[in-house]
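Enquirer: Input file: upload25.pdb. Contents: PDB, C-alpha atoms, pLDDT in the B column.
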ATOM      1  CA  MET A  28     -57.387 -18.679   9.012  1.00 92.00           C
ATOM      2  CA  ILE A  29     -59.583 -19.681   6.063  1.00 93.00           C
ATOM      3  CA  THR A  30     -62.204 -21.234   8.345  1.00 93.00           C
ATOM      4  CA  ALA A  31     -62.274 -18.224  10.663  1.00 94.00           C
ATOM      5  CA  LEU A  32     -62.566 -15.758   7.778  1.00 95.00           C
ATOM      6  CA  VAL A  33     -65.370 -17.644   6.021  1.00 95.00           C
ATOM      7  CA  SER A  34     -67.287 -17.989   9.289  1.00 93.00           C
ATOM      8  CA  HIS A  35     -66.908 -14.258   9.933  1.00 93.00           C
ATOM      9  CA  LEU A  36     -68.168 -13.333   6.470  1.00 93.00           C
ATOM     10  CA  VAL A  37     -71.265 -15.497   6.890  1.00 92.00           C
ATOM     11  CA  ARG A  38     -71.963 -14.141  10.390  1.00 89.00           C
ATOM     12  CA  GLN A  39     -71.956 -10.610   9.036  1.00 88.00           C
ATOM     13  CA  GLY A  40     -75.019 -11.524   7.007  1.00 86.00           C
ATOM     14  CA  THR A  41     -74.168  -9.698   3.781  1.00 89.00           C
ATOM     15  CA  TYR A  42     -73.248 -12.946   2.058  1.00 92.00           C
ATOM     16  CA  GLY A  43     -74.471 -16.485   2.569  1.00 91.00           C
ATOM     17  CA  SER A  44     -72.289 -19.558   2.361  1.00 92.00           C
ATOM     18  CA  GLU A  45     -73.602 -20.156  -1.167  1.00 92.00           C
ATOM     19  CA  ASP A  46     -72.055 -16.820  -2.223  1.00 95.00           C
ATOM     20  CA  ILE A  47     -68.543 -17.831  -1.167  1.00 96.00           C
ATOM     21  CA  ALA A  48     -65.972 -20.068  -2.839  1.00 96.00           C
ATOM     22  CA  VAL A  49     -62.600 -21.107  -1.435  1.00 96.00           C
ATOM     23  CA  ILE A  50     -59.858 -21.782  -3.986  1.00 95.00           C
ATOM     24  CA  THR A  51     -56.466 -23.356  -3.399  1.00 92.00           C
ATOM     25  CA  PRO A  52     -53.775 -24.638  -5.768  1.00 89.00           C
ATOM     26  CA  TYR A  53     -53.163 -27.954  -4.023  1.00 89.00           C
ATOM     27  CA  LEU A  54     -55.375 -30.992  -3.577  1.00 90.00           C
ATOM     28  CA  GLY A  55     -53.951 -31.731  -0.127  1.00 89.00           C
ATOM     29  CA  GLN A  56     -54.832 -28.232   1.047  1.00 91.00           C
ATOM     30  CA  LEU A  57     -58.318 -28.595  -0.425  1.00 92.00           C
ATOM     31  CA  GLN A  58     -58.880 -31.691   1.709  1.00 91.00           C
ATOM     32  CA  LYS A  59     -57.634 -29.949   4.856  1.00 92.00           C
ATOM     33  CA  ILE A  60     -59.895 -26.953   4.211  1.00 93.00           C
ATOM     34  CA  LYS A  61     -62.808 -29.259   3.481  1.00 91.00           C
ATOM     35  CA  LYS A  62     -62.410 -31.104   6.792  1.00 90.00           C
ATOM     36  CA  ARG A  63     -62.173 -27.871   8.771  1.00 91.00           C
ATOM     37  CA  LEU A  64     -65.145 -26.196   7.106  1.00 92.00           C
ATOM     38  CA  ALA A  65     -67.361 -29.290   7.090  1.00 88.00           C
ATOM     39  CA  SER A  66     -68.060 -28.919  10.810  1.00 87.00           C
ATOM     40  CA  SER A  67     -69.784 -25.574  10.171  1.00 88.00           C
ATOM     41  CA  PHE A  68     -70.959 -25.624   6.556  1.00 89.00           C
ATOM     42  CA  GLU A  69     -72.363 -27.882   3.899  1.00 87.00           C
ATOM     43  CA  ILE A  70     -69.600 -28.322   1.333  1.00 88.00           C
ATOM     44  CA  VAL A  71     -69.704 -28.746  -2.432  1.00 89.00           C
ATOM     45  CA  VAL A  72     -66.651 -30.171  -4.197  1.00 89.00           C
ATOM     46  CA  GLY A  73     -66.572 -30.355  -7.989  1.00 86.00           C
ATOM     47  CA  ASP A  74     -66.625 -33.708  -9.759  1.00 85.00           C
ATOM     48  CA  ARG A  75     -63.020 -33.560 -10.958  1.00 88.00           C
ATOM     49  CA  ASP A  76     -61.638 -32.533  -7.582  1.00 88.00           C
ATOM     50  CA  GLN A  77     -63.731 -35.256  -5.963  1.00 87.00           C
ATOM     51  CA  GLU A  78     -62.303 -37.849  -8.346  1.00 88.00           C
ATOM     52  CA  TYR A  79     -58.759 -36.675  -7.627  1.00 84.00           C
ATOM     53  CA  LEU A  80     -59.360 -36.817  -3.865  1.00 86.00           C
ATOM     54  CA  GLU A  81     -60.548 -40.395  -4.150  1.00 86.00           C
ATOM     55  CA  ALA A  82     -57.693 -41.362  -6.481  1.00 85.00           C
ATOM     56  CA  GLN A  83     -55.137 -39.954  -4.038  1.00 79.00           C
ATOM     57  CA  GLY A  84     -56.786 -41.621  -1.047  1.00 78.00           C
ATOM     58  CA  LEU A  85     -57.668 -38.254   0.480  1.00 71.00           C
ATOM     59  CA  GLN A  86     -61.416 -38.846   0.604  1.00 67.00           C
ATOM     60  CA  ASP A  87     -62.942 -39.365   4.052  1.00 61.00           C
ATOM     61  CA  ASP A  88     -63.922 -42.959   4.729  1.00 49.00           C
ATOM     62  CA  GLN A  89     -67.516 -42.099   5.595  1.00 51.00           C
ATOM     63  CA  GLU A  90     -68.061 -40.307   2.302  1.00 51.00           C
ATOM     64  CA  THR A  91     -68.670 -41.831  -1.073  1.00 44.00           C
ATOM     65  CA  SER A  92     -68.846 -40.183  -4.452  1.00 43.00           C
ATOM     66  CA  GLY A  93     -72.527 -41.074  -4.619  1.00 41.00           C
ATOM     67  CA  GLN A  94     -73.283 -39.267  -1.378  1.00 44.00           C
ATOM     68  CA  VAL A  95     -71.399 -36.204  -2.545  1.00 44.00           C
ATOM     69  CA  GLN A  96     -73.301 -36.193  -5.828  1.00 43.00           C
ATOM     70  CA  VAL A  97     -76.618 -36.268  -3.968  1.00 37.00           C
ATOM     71  CA  GLN A  98     -75.493 -33.385  -1.798  1.00 46.00           C
ATOM     72  CA  LYS A  99     -74.484 -31.342  -4.820  1.00 44.00           C
ATOM     73  CA  THR A 100     -77.953 -31.570  -6.328  1.00 41.00           C
ATOM     74  CA  ILE A 101     -79.882 -30.504  -3.231  1.00 44.00           C
ATOM     75  CA  LEU A 102     -77.651 -28.202  -1.183  1.00 51.00           C
ATOM     76  CA  LEU A 103     -78.387 -24.802  -2.665  1.00 63.00           C
ATOM     77  CA  ASN A 104     -76.754 -23.072   0.288  1.00 77.00           C
ATOM     78  CA  ALA A 105     -73.511 -25.027   0.156  1.00 88.00           C
ATOM     79  CA  LEU A 106     -70.059 -23.492   0.302  1.00 93.00           C
ATOM     80  CA  ARG A 107     -67.896 -24.291  -2.706  1.00 93.00           C
ATOM     81  CA  ILE A 108     -64.256 -25.313  -2.456  1.00 94.00           C
ATOM     82  CA  ALA A 109     -62.056 -26.119  -5.434  1.00 94.00           C
ATOM     83  CA  THR A 110     -58.541 -26.312  -6.766  1.00 93.00           C
ATOM     84  CA  VAL A 111     -57.604 -23.485  -9.090  1.00 92.00           C
ATOM     85  CA  ASP A 112     -57.315 -25.793 -12.111  1.00 90.00           C
ATOM     86  CA  ASN A 113     -60.895 -26.967 -11.653  1.00 91.00           C
ATOM     87  CA  PHE A 114     -62.496 -23.569 -11.066  1.00 91.00           C
ATOM     88  CA  GLN A 115     -61.960 -22.147 -14.527  1.00 85.00           C
ATOM     89  CA  GLY A 116     -65.158 -20.734 -15.982  1.00 87.00           C
ATOM     90  CA  GLU A 117     -66.802 -20.439 -12.559  1.00 91.00           C
ATOM     91  CA  GLU A 118     -67.219 -17.446 -10.263  1.00 93.00           C
ATOM     92  CA  ALA A 119     -68.616 -16.434  -6.886  1.00 95.00           C
ATOM     93  CA  LYS A 120     -69.589 -13.203  -5.191  1.00 97.00           C
ATOM     94  CA  VAL A 121     -66.744 -13.713  -2.716  1.00 97.00           C
ATOM     95  CA  ILE A 122     -63.540 -15.631  -3.373  1.00 97.00           C
ATOM     96  CA  VAL A 123     -61.165 -16.683  -0.599  1.00 97.00           C
ATOM     97  CA  VAL A 124     -57.777 -17.868  -1.866  1.00 94.00           C
ATOM     98  CA  SER A 125     -55.349 -20.033   0.094  1.00 92.00           C
ATOM     99  CA  LEU A 126     -51.939 -19.806  -1.608  1.00 91.00           C
ATOM    100  CA  VAL A 127     -50.295 -22.342   0.751  1.00 84.00           C
ATOM    101  CA  ARG A 128     -46.691 -21.859  -0.388  1.00 78.00           C
ATOM    102  CA  SER A 129     -44.361 -20.257   2.168  1.00 78.00           C
ATOM    103  CA  ASN A 130     -40.594 -20.680   2.021  1.00 76.00           C
ATOM    104  CA  ASP A 131     -37.326 -18.784   2.336  1.00 80.00           C
ATOM    105  CA  LYS A 132     -36.378 -19.636  -1.258  1.00 75.00           C
ATOM    106  CA  ARG A 133     -39.198 -17.366  -2.498  1.00 78.00           C
ATOM    107  CA  LYS A 134     -40.634 -20.014  -4.794  1.00 76.00           C
ATOM    108  CA  CYS A 135     -44.384 -20.264  -5.345  1.00 75.00           C
ATOM    109  CA  GLY A 136     -44.466 -23.557  -7.242  1.00 75.00           C
ATOM    110  CA  PHE A 137     -46.809 -23.863 -10.193  1.00 73.00           C
ATOM    111  CA  LEU A 138     -48.599 -20.672  -9.163  1.00 79.00           C
ATOM    112  CA  LYS A 139     -45.973 -18.867 -11.213  1.00 83.00           C
ATOM    113  CA  THR A 140     -48.039 -19.803 -14.286  1.00 86.00           C
ATOM    114  CA  SER A 141     -49.872 -16.745 -15.583  1.00 87.00           C
ATOM    115  CA  ASN A 142     -52.990 -18.732 -16.519  1.00 87.00           C
ATOM    116  CA  ARG A 143     -53.391 -20.017 -12.958  1.00 87.00           C
ATOM    117  CA  ILE A 144     -52.782 -16.552 -11.531  1.00 89.00           C
ATOM    118  CA  ASN A 145     -55.423 -15.157 -13.871  1.00 89.00           C
ATOM    119  CA  VAL A 146     -57.969 -17.770 -12.760  1.00 89.00           C
ATOM    120  CA  LEU A 147     -57.297 -17.014  -9.094  1.00 88.00           C
ATOM    121  CA  LEU A 148     -57.694 -13.280  -9.538  1.00 91.00           C
ATOM    122  CA  SER A 149     -60.666 -13.179 -11.900  1.00 93.00           C
ATOM    123  CA  ARG A 150     -63.248 -15.408 -10.204  1.00 92.00           C
ATOM    124  CA  ALA A 151     -64.647 -12.897  -7.671  1.00 95.00           C
ATOM    125  CA  ARG A 152     -67.652 -10.759  -8.554  1.00 95.00           C
ATOM    126  CA  TYR A 153     -67.469  -8.436  -5.530  1.00 96.00           C
ATOM    127  CA  GLU A 154     -64.818  -9.358  -2.957  1.00 95.00           C
ATOM    128  CA  MET A 155     -61.595 -11.356  -2.842  1.00 96.00           C
ATOM    129  CA  TYR A 156     -59.326 -12.311   0.043  1.00 96.00           C
ATOM    130  CA  ILE A 157     -55.872 -13.791  -0.562  1.00 94.00           C
ATOM    131  CA  ILE A 158     -54.170 -15.559   2.336  1.00 93.00           C
ATOM    132  CA  GLY A 159     -50.538 -16.493   1.845  1.00 90.00           C
ATOM    133  CA  ASN A 160     -46.902 -15.441   1.985  1.00 89.00           C
ATOM    134  CA  SER A 161     -46.444 -12.633  -0.536  1.00 88.00           C
ATOM    135  CA  HIS A 162     -42.649 -12.890  -0.344  1.00 87.00           C
ATOM    136  CA  ALA A 163     -42.799 -16.338  -1.936  1.00 85.00           C
ATOM    137  CA  SER A 164     -44.717 -14.944  -4.922  1.00 87.00           C
ATOM    138  CA  TRP A 165     -43.048 -11.574  -5.475  1.00 85.00           C
ATOM    139  CA  PRO A 166     -40.225 -12.843  -7.775  1.00 87.00           C
ATOM    140  CA  VAL A 167     -42.821 -13.883 -10.384  1.00 88.00           C
ATOM    141  CA  PRO A 168     -43.412 -10.898 -12.746  1.00 90.00           C
ATOM    142  CA  MET A 169     -47.205 -11.204 -12.824  1.00 91.00           C
ATOM    143  CA  TRP A 170     -47.406 -11.576  -9.050  1.00 89.00           C
ATOM    144  CA  ASP A 171     -45.017  -8.636  -8.673  1.00 91.00           C
ATOM    145  CA  GLU A 172     -47.429  -6.464 -10.645  1.00 93.00           C
ATOM    146  CA  VAL A 173     -50.453  -7.656  -8.667  1.00 93.00           C
ATOM    147  CA  LEU A 174     -48.776  -7.287  -5.287  1.00 93.00           C
ATOM    148  CA  SER A 175     -47.507  -3.819  -6.185  1.00 94.00           C
ATOM    149  CA  ILE A 176     -51.075  -2.738  -6.982  1.00 94.00           C
ATOM    150  CA  LEU A 177     -52.270  -4.124  -3.654  1.00 94.00           C
ATOM    151  CA  GLU A 178     -49.423  -2.397  -1.845  1.00 93.00           C
ATOM    152  CA  ARG A 179     -50.157   0.983  -3.428  1.00 94.00           C
ATOM    153  CA  SER A 180     -53.815   0.707  -2.448  1.00 94.00           C
ATOM    154  CA  ASN A 181     -52.916  -0.395   1.095  1.00 93.00           C
ATOM    155  CA  ASN A 182     -54.633  -3.747   0.637  1.00 93.00           C
ATOM    156  CA  ILE A 183     -51.787  -6.003   1.702  1.00 94.00           C
ATOM    157  CA  GLY A 184     -50.118  -6.623   5.035  1.00 93.00           C
ATOM    158  CA  PRO A 185     -49.614  -8.959   7.997  1.00 93.00           C
ATOM    159  CA  SER A 186     -53.152  -8.375   9.277  1.00 94.00           C
ATOM    160  CA  LEU A 187     -56.670  -7.953   7.935  1.00 94.00           C
ATOM    161  CA  ALA A 188     -58.796  -4.951   8.847  1.00 93.00           C
ATOM    162  CA  LEU A 189     -62.411  -5.771   9.711  1.00 92.00           C
ATOM    163  CA  CYS A 190     -65.341  -3.388   9.867  1.00 89.00           C
ATOM    164  CA  CYS A 191     -68.068  -3.646  12.479  1.00 88.00           C
ATOM    165  CA  PRO A 192     -71.363  -2.788  10.717  1.00 82.00           C
ATOM    166  CA  ARG A 193     -72.723  -1.058  13.858  1.00 82.00           C
ATOM    167  CA  HIS A 194     -69.558   0.551  15.227  1.00 87.00           C
ATOM    168  CA  LYS A 195     -67.646   1.533  12.117  1.00 87.00           C
ATOM    169  CA  GLU A 196     -65.286   3.709  14.141  1.00 88.00           C
ATOM    170  CA  THR A 197     -64.020   0.688  16.106  1.00 89.00           C
ATOM    171  CA  PRO A 198     -60.646  -0.471  14.724  1.00 89.00           C
ATOM    172  CA  ILE A 199     -60.358  -4.245  14.321  1.00 93.00           C
ATOM    173  CA  GLU A 200     -57.229  -6.006  13.044  1.00 95.00           C
ATOM    174  CA  VAL A 201     -56.878  -9.785  12.841  1.00 96.00           C
ATOM    175  CA  SER A 202     -53.752 -11.747  11.998  1.00 95.00           C
ATOM    176  CA  MET A 203     -54.484 -15.124  13.610  1.00 95.00           C
ATOM    177  CA  PRO A 204     -57.586 -17.357  13.537  1.00 94.00           C
ATOM    178  CA  ASP A 205     -58.265 -16.811  17.249  1.00 95.00           C
ATOM    179  CA  ASP A 206     -58.395 -13.044  16.688  1.00 96.00           C
ATOM    180  CA  PHE A 207     -61.813 -13.374  15.055  1.00 94.00           C
ATOM    181  CA  ALA A 208     -63.287 -14.965  18.181  1.00 93.00           C
ATOM    182  CA  MET A 209     -61.606 -12.351  20.367  1.00 94.00           C
ATOM    183  CA  PHE A 210     -62.376  -9.150  18.461  1.00 94.00           C
ATOM    184  CA  ALA A 211     -65.399 -10.025  16.281  1.00 93.00           C
ATOM    185  CA  PRO A 212     -67.056 -13.119  17.762  1.00 91.00           C
ATOM    186  CA  GLU A 213     -70.486 -12.553  16.191  1.00 90.00           C
ATOM    187  CA  GLY A 214     -69.528 -10.726  13.013  1.00 89.00           C
ATOM    188  CA  GLY A 215     -69.527  -7.297  14.664  1.00 89.00           C
ATOM    189  CA  CYS A 216     -67.028  -6.150  17.291  1.00 91.00           C
ATOM    190  CA  ALA A 217     -66.356  -7.084  20.909  1.00 90.00           C
ATOM    191  CA  GLY A 218     -68.617  -4.329  22.262  1.00 89.00           C
ATOM    192  CA  ARG A 219     -72.240  -4.582  23.253  1.00 88.00           C
ATOM    193  CA  CYS A 220     -74.963  -4.356  20.633  1.00 87.00           C
ATOM    194  CA  SER A 221     -76.174  -0.762  20.424  1.00 84.00           C
ATOM    195  CA  SER A 222     -79.441  -1.498  18.627  1.00 85.00           C
ATOM    196  CA  ARG A 223     -82.785  -2.100  20.274  1.00 85.00           C
ATOM    197  CA  LEU A 224     -84.877  -5.207  19.871  1.00 84.00           C
ATOM    198  CA  LEU A 225     -88.124  -5.171  17.920  1.00 80.00           C
ATOM    199  CA  CYS A 226     -90.014  -4.730  21.203  1.00 81.00           C
ATOM    200  CA  GLY A 227     -87.981  -1.629  22.043  1.00 82.00           C
ATOM    201  CA  HIS A 228     -85.801  -3.054  24.820  1.00 83.00           C
ATOM    202  CA  SER A 229     -82.010  -2.936  24.662  1.00 85.00           C
ATOM    203  CA  CYS A 230     -80.293  -5.944  23.134  1.00 86.00           C
ATOM    204  CA  PRO A 231     -78.389  -7.892  25.824  1.00 86.00           C
ATOM    205  CA  ASN A 232     -75.987  -9.560  23.396  1.00 88.00           C
ATOM    206  CA  ILE A 233     -72.543  -8.760  22.130  1.00 89.00           C
ATOM    207  CA  CYS A 234     -72.371  -6.765  18.893  1.00 90.00           C
ATOM    208  CA  HIS A 235     -73.605  -8.819  15.950  1.00 88.00           C
ATOM    209  CA  SER A 236     -75.011  -8.584  12.436  1.00 81.00           C
ATOM    210  CA  THR A 237     -78.521  -7.419  11.593  1.00 80.00           C
ATOM    211  CA  SER A 238     -79.598 -10.951  10.706  1.00 77.00           C
ATOM    212  CA  LEU A 239     -78.454 -12.270  14.089  1.00 82.00           C
ATOM    213  CA  HIS A 240     -79.939  -9.260  15.868  1.00 82.00           C
ATOM    214  CA  ASN A 241     -83.380  -9.871  14.386  1.00 81.00           C
ATOM    215  CA  ALA A 242     -83.336 -13.401  15.814  1.00 81.00           C
ATOM    216  CA  VAL A 243     -82.704 -12.282  19.422  1.00 83.00           C
ATOM    217  CA  ARG A 244     -85.625 -12.764  21.814  1.00 81.00           C
ATOM    218  CA  CYS A 245     -86.281 -10.318  24.627  1.00 80.00           C
ATOM    219  CA  LEU A 246     -85.433 -11.889  27.996  1.00 77.00           C
ATOM    220  CA  ASP A 247     -87.161  -9.203  30.060  1.00 74.00           C
ATOM    221  CA  ARG A 248     -90.753  -9.300  31.188  1.00 74.00           C
ATOM    222  CA  CYS A 249     -91.890  -7.465  28.158  1.00 68.00           C
ATOM    223  CA  PRO A 250     -95.476  -6.119  28.103  1.00 64.00           C
ATOM    224  CA  ARG A 251     -94.823  -4.317  24.860  1.00 59.00           C
ATOM    225  CA  ILE A 252     -96.243  -5.668  21.643  1.00 53.00           C
ATOM    226  CA  LYS A 253     -93.425  -7.203  19.666  1.00 50.00           C
ATOM    227  CA  LYS A 254     -93.247  -6.024  16.097  1.00 50.00           C
ATOM    228  CA  GLY A 255     -92.763  -8.519  13.324  1.00 44.00           C
TER     229      GLY A 255
END
Show this structure as structure tokens.

Expert:
Amino acid sequence: MITALVSHLVRQGTYGSEDIAVITPYLGQLQKIKKRLASSFEIVVGDRDQEYLEAQGLQDDQETSGQVQVQKTILLNALRIATVDNFQGEEAKVIVVSLVRSNDKRKCGFLKTSNRINVLLSRARYEMYIIGNSHASWPVPMWDEVLSILERSNNIGPSLALCCPRHKETPIEVSMPDDFAMFAPEGGCAGRCSSRLLCGHSCPNICHSTSLHNAVRCLDRCPRIKKG
């Protein structure tokens, strides 16, 4: 779900991968997220998390700490991923949180600590998405307060509402990773693009973001002078 959501946000064009950070409480989850996202994005992992990954034997064989350090100095468009304990003092325009814990005992592990909760909830400058089982966190007083606020503002539930930038009236709800590819494959909706190309012809593609739209080439025999 994390991979699908991050990919969708980048496709929409409002934010680049460098504007997004993914935070999770557990090192094992960080490694899983890293492997999934690495096929689509350049990834930056902080020094301390990188050291812990190597110490726990969770680092990929083909990577070395030296290679990661080189990447960190040159990849200005890289997506950041971190554990909550190693993201204190940092922020991003968009924060995506993976809570991980889900159990019938309604225990959220060390995320019951108010300091960790505060770090999770205070790192986003503009947008924040929390993916997890709220029932496991509700018994914790601070989480109870946070979740109650989200519930009153209708910002919590089993699905996530998306907004197509071109067809705002089109309802889109996703609850599984595959839903993004089905209902919003290019960051818009599943309908046809309603905007015209720079040459004036209709766009032949499925609904997409403005940045993707501007990259579409006219496939017709087009005698018109293309703008731009």

Enquirer: By how many Å are CA of Phe114 (chain A) and CA of Arg179 (chain A) apart?

Expert: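 Atom-to-atom, CA of Phe114 (chain A) to CA of Arg179 (chain A), that is 28.5 Å.
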
Enquirer: Mind giving me the straight-line distance from CA of His194 (chain A) to CA of Leu246 (chain A) in Å, one decimal?

Expert: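 So the two atoms, CA of His194 (chain A) and CA of Leu246 (chain A), lie 23.9 Å apart.
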
Enquirer: Choose the residue, out of A:Ala105, A:Leu36, A:Ala82, A:Met169, that has the smallest atom-to-atom separation from Ile70 (chain A); count all atoms listed in the file.

Expert: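 Counting all atoms listed in the file, the residue closest to Ile70 (chain A) is A:Ala105.
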
Enquirer: Please measure the separation of CA of Ser236 (chain A) and CA of Leu187 (chain A), giving the value in Å to one decimal.

Expert: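 Between CA of Ser236 (chain A) and CA of Leu187 (chain A) the gap is 18.9 Å.
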
Enquirer: What's the 10 Å shell around Ala31 (chain A), counting all atoms listed in the file, without same-chain residues fewer than 6 positions away, as a list in words?

Expert: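 Skipping anything fewer than 6 positions along the chain leaves Arg63, Leu64, Met203, Pro204, Asp205, Asp206, Phe207, Ala208 and Pro212 of chain A.
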
Enquirer: Could you check which of A:Ala65, A:Val121, A:Leu239, A:Met28 is closest to Gly43 (chain A), using all atoms listed in the file?

Expert: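 Checking each of A:Ala65, A:Val121, A:Leu239, A:Met28 against Gly43 (chain A), counting all atoms listed in the file, the winner is A:Val121.
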
Enquirer: Using all atoms listed in the file for the distances, tell me which of A:Ala217, A:Val201, A:Ile50, A:Ile233 is nearest to Val146 (chain A).

Expert: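 Ranking A:Ala217, A:Val201, A:Ile50, A:Ile233 by distance to Val146 (chain A), first place goes to A:Ile50.
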
Enquirer: Please write as a ChimeraX atom specification the list of polymer residues whose atoms come within 9 Å of (-61.0, -15.7, -11.1), counting all atoms listed in the file and keeping to the coordinates of the file.

Expert: /A:111,114-119,122,143-152

Enquirer: Nearest residue to Leu225 (chain A) out of A:Glu213, A:Val243, A:Pro166, A:Ser44, using all atoms listed in the file?

Expert: A:Val243

Enquirer: Report as a PDB file with C-alpha atoms, keeping the file's coordinate frame the residues that result from applying the PyMOL selection byres ((chain A and resi 158-164) around 12) to the structure here.

Expert:
ATOM      1  CA  MET A  28     -57.387 -18.679   9.012  1.00 92.00           C
ATOM      2  CA  ILE A  29     -59.583 -19.681   6.063  1.00 93.00           C
ATOM      3  CA  THR A  30     -62.204 -21.234   8.345  1.00 93.00           C
ATOM      4  CA  ALA A  31     -62.274 -18.224  10.663  1.00 94.00           C
ATOM      5  CA  LEU A  32     -62.566 -15.758   7.778  1.00 95.00           C
ATOM      6  CA  VAL A  33     -65.370 -17.644   6.021  1.00 95.00           C
ATOM      7  CA  VAL A  49     -62.600 -21.107  -1.435  1.00 96.00           C
ATOM      8  CA  ILE A  50     -59.858 -21.782  -3.986  1.00 95.00           C
ATOM      9  CA  THR A  51     -56.466 -23.356  -3.399  1.00 92.00           C
ATOM     10  CA  PRO A  52     -53.775 -24.638  -5.768  1.00 89.00           C
ATOM     11  CA  ILE A 122     -63.540 -15.631  -3.373  1.00 97.00           C
ATOM     12  CA  VAL A 123     -61.165 -16.683  -0.599  1.00 97.00           C
ATOM     13  CA  VAL A 124     -57.777 -17.868  -1.866  1.00 94.00           C
ATOM     14  CA  SER A 125     -55.349 -20.033   0.094  1.00 92.00           C
ATOM     15  CA  LEU A 126     -51.939 -19.806  -1.608  1.00 91.00           C
ATOM     16  CA  VAL A 127     -50.295 -22.342   0.751  1.00 84.00           C
ATOM     17  CA  ARG A 128     -46.691 -21.859  -0.388  1.00 78.00           C
ATOM     18  CA  SER A 129     -44.361 -20.257   2.168  1.00 78.00           C
ATOM     19  CA  ASN A 130     -40.594 -20.680   2.021  1.00 76.00           C
ATOM     20  CA  ASP A 131     -37.326 -18.784   2.336  1.00 80.00           C
ATOM     21  CA  LYS A 132     -36.378 -19.636  -1.258  1.00 75.00           C
ATOM     22  CA  ARG A 133     -39.198 -17.366  -2.498  1.00 78.00           C
ATOM     23  CA  LYS A 134     -40.634 -20.014  -4.794  1.00 76.00           C
ATOM     24  CA  CYS A 135     -44.384 -20.264  -5.345  1.00 75.00           C
ATOM     25  CA  GLY A 136     -44.466 -23.557  -7.242  1.00 75.00           C
ATOM     26  CA  PHE A 137     -46.809 -23.863 -10.193  1.00 73.00           C
ATOM     27  CA  LEU A 138     -48.599 -20.672  -9.163  1.00 79.00           C
ATOM     28  CA  LYS A 139     -45.973 -18.867 -11.213  1.00 83.00           C
ATOM     29  CA  THR A 140     -48.039 -19.803 -14.286  1.00 86.00           C
ATOM     30  CA  SER A 141     -49.872 -16.745 -15.583  1.00 87.00           C
ATOM     31  CA  ILE A 144     -52.782 -16.552 -11.531  1.00 89.00           C
ATOM     32  CA  LEU A 147     -57.297 -17.014  -9.094  1.00 88.00           C
ATOM     33  CA  MET A 155     -61.595 -11.356  -2.842  1.00 96.00           C
ATOM     34  CA  TYR A 156     -59.326 -12.311   0.043  1.00 96.00           C
ATOM     35  CA  ILE A 157     -55.872 -13.791  -0.562  1.00 94.00           C
ATOM     36  CA  TRP A 165     -43.048 -11.574  -5.475  1.00 85.00           C
ATOM     37  CA  PRO A 166     -40.225 -12.843  -7.775  1.00 87.00           C
ATOM     38  CA  VAL A 167     -42.821 -13.883 -10.384  1.00 88.00           C
ATOM     39  CA  PRO A 168     -43.412 -10.898 -12.746  1.00 90.00           C
ATOM     40  CA  MET A 169     -47.205 -11.204 -12.824  1.00 91.00           C
ATOM     41  CA  TRP A 170     -47.406 -11.576  -9.050  1.00 89.00           C
ATOM     42  CA  ASP A 171     -45.017  -8.636  -8.673  1.00 91.00           C
ATOM     43  CA  GLU A 172     -47.429  -6.464 -10.645  1.00 93.00           C
ATOM     44  CA  VAL A 173     -50.453  -7.656  -8.667  1.00 93.00           C
ATOM     45  CA  LEU A 174     -48.776  -7.287  -5.287  1.00 93.00           C
ATOM     46  CA  SER A 175     -47.507  -3.819  -6.185  1.00 94.00           C
ATOM     47  CA  LEU A 177     -52.270  -4.124  -3.654  1.00 94.00           C
ATOM     48  CA  GLU A 178     -49.423  -2.397  -1.845  1.00 93.00           C
ATOM     49  CA  ASN A 182     -54.633  -3.747   0.637  1.00 93.00           C
ATOM     50  CA  ILE A 183     -51.787  -6.003   1.702  1.00 94.00           C
ATOM     51  CA  GLY A 184     -50.118  -6.623   5.035  1.00 93.00           C
ATOM     52  CA  PRO A 185     -49.614  -8.959   7.997  1.00 93.00           C
ATOM     53  CA  SER A 186     -53.152  -8.375   9.277  1.00 94.00           C
ATOM     54  CA  LEU A 187     -56.670  -7.953   7.935  1.00 94.00           C
ATOM     55  CA  SER A 202     -53.752 -11.747  11.998  1.00 95.00           C
ATOM     56  CA  MET A 203     -54.484 -15.124  13.610  1.00 95.00           C
ATOM     57  CA  PRO A 204     -57.586 -17.357  13.537  1.00 94.00           C
TER      58      PRO A 204
END

Enquirer: Find, counting all atoms listed in the file, the residue in A:Asn104, A:Gln39, A:Asn232, A:Ser238 that gets nearest to Cys191 (chain A).

Expert: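 For Cys191 (chain A), the nearest of the given residues is A:Gln39.
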
Enquirer: Got a sec: who's within 10 Å of Arg244 (chain A), counting all atoms listed in the file, leaving out chain neighbours fewer than 4 positions off, as a PDB file with C-alpha atoms, in the coordinates of the input?

Expert:
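Now in out21.pdb:
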ATOM      1  CA  LEU A 224     -84.877  -5.207  19.871  1.00 84.00           C
ATOM      2  CA  LEU A 225     -88.124  -5.171  17.920  1.00 80.00           C
ATOM      3  CA  CYS A 226     -90.014  -4.730  21.203  1.00 81.00           C
ATOM      4  CA  CYS A 230     -80.293  -5.944  23.134  1.00 86.00           C
ATOM      5  CA  PRO A 231     -78.389  -7.892  25.824  1.00 86.00           C
ATOM      6  CA  HIS A 240     -79.939  -9.260  15.868  1.00 82.00           C
ATOM      7  CA  LYS A 253     -93.425  -7.203  19.666  1.00 50.00           C
TER       8      LYS A 253
END

Enquirer: For Arg107 (chain A), which of A:Arg75, A:Gly214, A:Asn142, A:Glu69 is the closest residue, counting only C-alpha atoms?

Expert: A:Glu69
